[in-house]
Amino acid sequence: MIKQQADMDWMLKDLAEGVPQTRHVVVLSADGLRMAQYGTDHDTADRLAAACAGLQSLAGAVASELPYSDGRMRLVVIEMDGGFFYLMAAGAGAYLAVLADEGVDAGLMGQRMRDLVLRIGEHLSSPPRQDGQGAR
């Protein structure tokens, strides 16, 4: 995970600094484990990652109610007092999460997140766990 974090630091920084009002950027596995973060401490990133696991599962359950859906979540946006939360699928078993202040340009954020996912999709995939251990 440390090498993966180092490989993604500059890319996550690029997203955070390229979209004004961005607070936290976290890359997480489907089971809610932090893979990388920018602009936040480990504890905050871990809490966001854990919450995202439940959120992506809920979004998938809702998506499965659509007749032509494959049940996979692509993007969730939550607007709340004080800001926005974005969660985007980012490769096999990985997600990109961003927390931003209310003044953020929502369109720019979506575009930059999509661009980031396309640029580094191979870095953002998380192999399935076997026997409780991540792939090495």
# chains A, B, ... in the order shown; residues from 1 in each chain; ligands from 1
$ select_by_dssp --residues "chain A" --states "strand (DSSP E)" --output "ChimeraX atom specification"
/A:22-29,34-38,75-80,83-89,94-101
$ select_by_dssp --residues "segment 13-131 of chain A" --states "alpha helix (DSSP H)" --output "PyMOL selection string"
chain A and resi 13-18+42-63+106-124
$ closest_residue --among "A:Ser64, A:Phe85, A:Asp9, A:Ala90" --to "Arg119 of chain A" --atoms "only C-alpha atoms"
A:Ala90
$ residues_around --residues "Leu15 of chain A" --least-positions-apart "5" --cutoff "10 Å" --atoms "only C-alpha atoms" --output "tab-separated table (two decimals) with C-alpha atoms, in the first residue's frame"
chain	number	residue	atom	x	y	z
A	10	TRP	CA	0.83	13.63	-7.18
A	20	PRO	CA	-10.93	25.02	-5.74
A	22	THR	CA	-11.68	20.57	-2.44
A	25	VAL	CA	-9.49	13.11	-1.65
A	38	TYR	CA	-4.59	13.67	-0.08
A	98	VAL	CA	-13.96	13.62	-2.60
A	109	MET	CA	-15.31	18.32	-10.00
A	112	ARG	CA	-11.72	16.17	-13.11
A	113	MET	CA	-12.71	13.03	-11.21
A	115	ASP	CA	-10.27	12.40	-16.00
A	116	LEU	CA	-8.34	11.15	-12.98
$ atom_distance --atom1 "atom CA of Gly83 of chain A" --atom2 "atom CA of Gly60 of chain A"
23.5 Å
$ decode --residues "segment 107-122 of chain A" --atoms "all heavy atoms" --output "compact mmCIF listing (two decimals), in the first residue's frame"
# COMPACT_ATOMS: atom_id res chain seq x y z
N GLY A 107 -19.66 20.76 -11.70
CA GLY A 107 -19.34 20.25 -13.03
C GLY A 107 -17.86 20.00 -13.22
O GLY A 107 -17.45 18.97 -13.77
N LEU A 108 -17.05 20.95 -12.76
CA LEU A 108 -15.60 20.79 -12.86
C LEU A 108 -15.13 19.61 -12.03
O LEU A 108 -14.28 18.83 -12.47
CB LEU A 108 -14.91 22.08 -12.39
CG LEU A 108 -13.38 22.08 -12.41
CD1 LEU A 108 -12.85 21.84 -13.83
CD2 LEU A 108 -12.86 23.38 -11.83
N MET A 109 -15.70 19.44 -10.85
CA MET A 109 -15.31 18.32 -10.00
C MET A 109 -15.61 16.99 -10.69
O MET A 109 -14.75 16.10 -10.74
CB MET A 109 -16.03 18.37 -8.65
CG MET A 109 -15.68 17.21 -7.73
SD MET A 109 -13.93 17.13 -7.29
CE MET A 109 -13.90 18.41 -6.03
N GLY A 110 -16.79 16.85 -11.23
CA GLY A 110 -17.14 15.61 -11.93
C GLY A 110 -16.21 15.33 -13.09
O GLY A 110 -15.76 14.19 -13.28
N GLN A 111 -15.91 16.35 -13.86
CA GLN A 111 -15.03 16.20 -15.01
C GLN A 111 -13.62 15.80 -14.58
O GLN A 111 -13.02 14.87 -15.13
CB GLN A 111 -14.97 17.51 -15.80
CG GLN A 111 -14.01 17.47 -16.97
CD GLN A 111 -13.88 18.82 -17.65
OE1 GLN A 111 -14.39 19.83 -17.17
NE2 GLN A 111 -13.18 18.84 -18.76
N ARG A 112 -13.08 16.48 -13.57
CA ARG A 112 -11.72 16.17 -13.11
C ARG A 112 -11.64 14.78 -12.48
O ARG A 112 -10.63 14.09 -12.61
CB ARG A 112 -11.25 17.23 -12.12
CG ARG A 112 -11.02 18.59 -12.73
CD ARG A 112 -9.76 18.57 -13.62
NE ARG A 112 -9.53 19.83 -14.28
CZ ARG A 112 -8.77 20.81 -13.81
NH1 ARG A 112 -8.16 20.67 -12.65
NH2 ARG A 112 -8.63 21.91 -14.49
N MET A 113 -12.71 14.38 -11.77
CA MET A 113 -12.71 13.03 -11.21
C MET A 113 -12.71 11.99 -12.32
O MET A 113 -11.97 11.01 -12.25
CB MET A 113 -13.91 12.84 -10.27
CG MET A 113 -13.79 13.57 -8.96
SD MET A 113 -15.25 13.36 -7.90
CE MET A 113 -15.06 11.64 -7.39
N ARG A 114 -13.53 12.19 -13.35
CA ARG A 114 -13.56 11.25 -14.47
C ARG A 114 -12.20 11.19 -15.16
O ARG A 114 -11.72 10.13 -15.52
CB ARG A 114 -14.63 11.64 -15.48
CG ARG A 114 -16.04 11.20 -15.10
CD ARG A 114 -16.98 11.34 -16.27
NE ARG A 114 -18.23 12.02 -16.17
CZ ARG A 114 -18.66 12.98 -15.37
NH1 ARG A 114 -17.88 13.48 -14.47
NH2 ARG A 114 -19.86 13.48 -15.43
N ASP A 115 -11.59 12.36 -15.38
CA ASP A 115 -10.27 12.40 -16.00
C ASP A 115 -9.25 11.63 -15.17
O ASP A 115 -8.42 10.89 -15.72
CB ASP A 115 -9.80 13.85 -16.18
CG ASP A 115 -10.60 14.61 -17.22
OD1 ASP A 115 -11.38 13.99 -17.98
OD2 ASP A 115 -10.46 15.86 -17.25
N LEU A 116 -9.28 11.83 -13.86
CA LEU A 116 -8.34 11.15 -12.98
C LEU A 116 -8.54 9.64 -13.04
O LEU A 116 -7.58 8.88 -13.14
CB LEU A 116 -8.49 11.65 -11.54
CG LEU A 116 -7.59 10.98 -10.50
CD1 LEU A 116 -6.12 11.16 -10.84
CD2 LEU A 116 -7.89 11.52 -9.12
N VAL A 117 -9.79 9.21 -13.00
CA VAL A 117 -10.08 7.77 -13.05
C VAL A 117 -9.56 7.18 -14.36
O VAL A 117 -8.96 6.10 -14.38
CB VAL A 117 -11.59 7.52 -12.86
CG1 VAL A 117 -11.97 6.11 -13.26
CG2 VAL A 117 -11.99 7.79 -11.42
N LEU A 118 -9.75 7.87 -15.47
CA LEU A 118 -9.25 7.38 -16.76
C LEU A 118 -7.73 7.35 -16.80
O LEU A 118 -7.14 6.40 -17.33
CB LEU A 118 -9.78 8.25 -17.90
CG LEU A 118 -11.27 8.13 -18.18
CD1 LEU A 118 -11.71 9.16 -19.22
CD2 LEU A 118 -11.62 6.72 -18.65
N ARG A 119 -7.08 8.37 -16.26
CA ARG A 119 -5.61 8.44 -16.29
C ARG A 119 -4.94 7.37 -15.47
O ARG A 119 -3.90 6.86 -15.83
CB ARG A 119 -5.15 9.81 -15.78
CG ARG A 119 -4.96 10.81 -16.84
CD ARG A 119 -4.30 12.11 -16.39
NE ARG A 119 -3.79 12.20 -15.06
CZ ARG A 119 -4.06 13.19 -14.21
NH1 ARG A 119 -4.88 14.16 -14.54
NH2 ARG A 119 -3.52 13.20 -13.02
N ILE A 120 -5.50 7.09 -14.32
CA ILE A 120 -4.80 6.18 -13.41
C ILE A 120 -5.63 4.97 -13.03
O ILE A 120 -5.43 4.38 -11.99
CB ILE A 120 -4.33 6.92 -12.15
CG1 ILE A 120 -5.50 7.48 -11.37
CG2 ILE A 120 -3.31 7.97 -12.49
CD1 ILE A 120 -5.14 7.97 -9.99
N GLY A 121 -6.52 4.56 -13.89
CA GLY A 121 -7.38 3.42 -13.59
C GLY A 121 -6.62 2.18 -13.13
O GLY A 121 -7.04 1.49 -12.22
N GLU A 122 -5.48 1.91 -13.76
CA GLU A 122 -4.71 0.72 -13.37
C GLU A 122 -4.14 0.85 -11.96
O GLU A 122 -3.97 -0.14 -11.27
CB GLU A 122 -3.61 0.41 -14.38
CG GLU A 122 -2.49 1.43 -14.45
CD GLU A 122 -2.78 2.62 -15.35
OE1 GLU A 122 -3.87 2.72 -15.94
OE2 GLU A 122 -1.90 3.49 -15.47
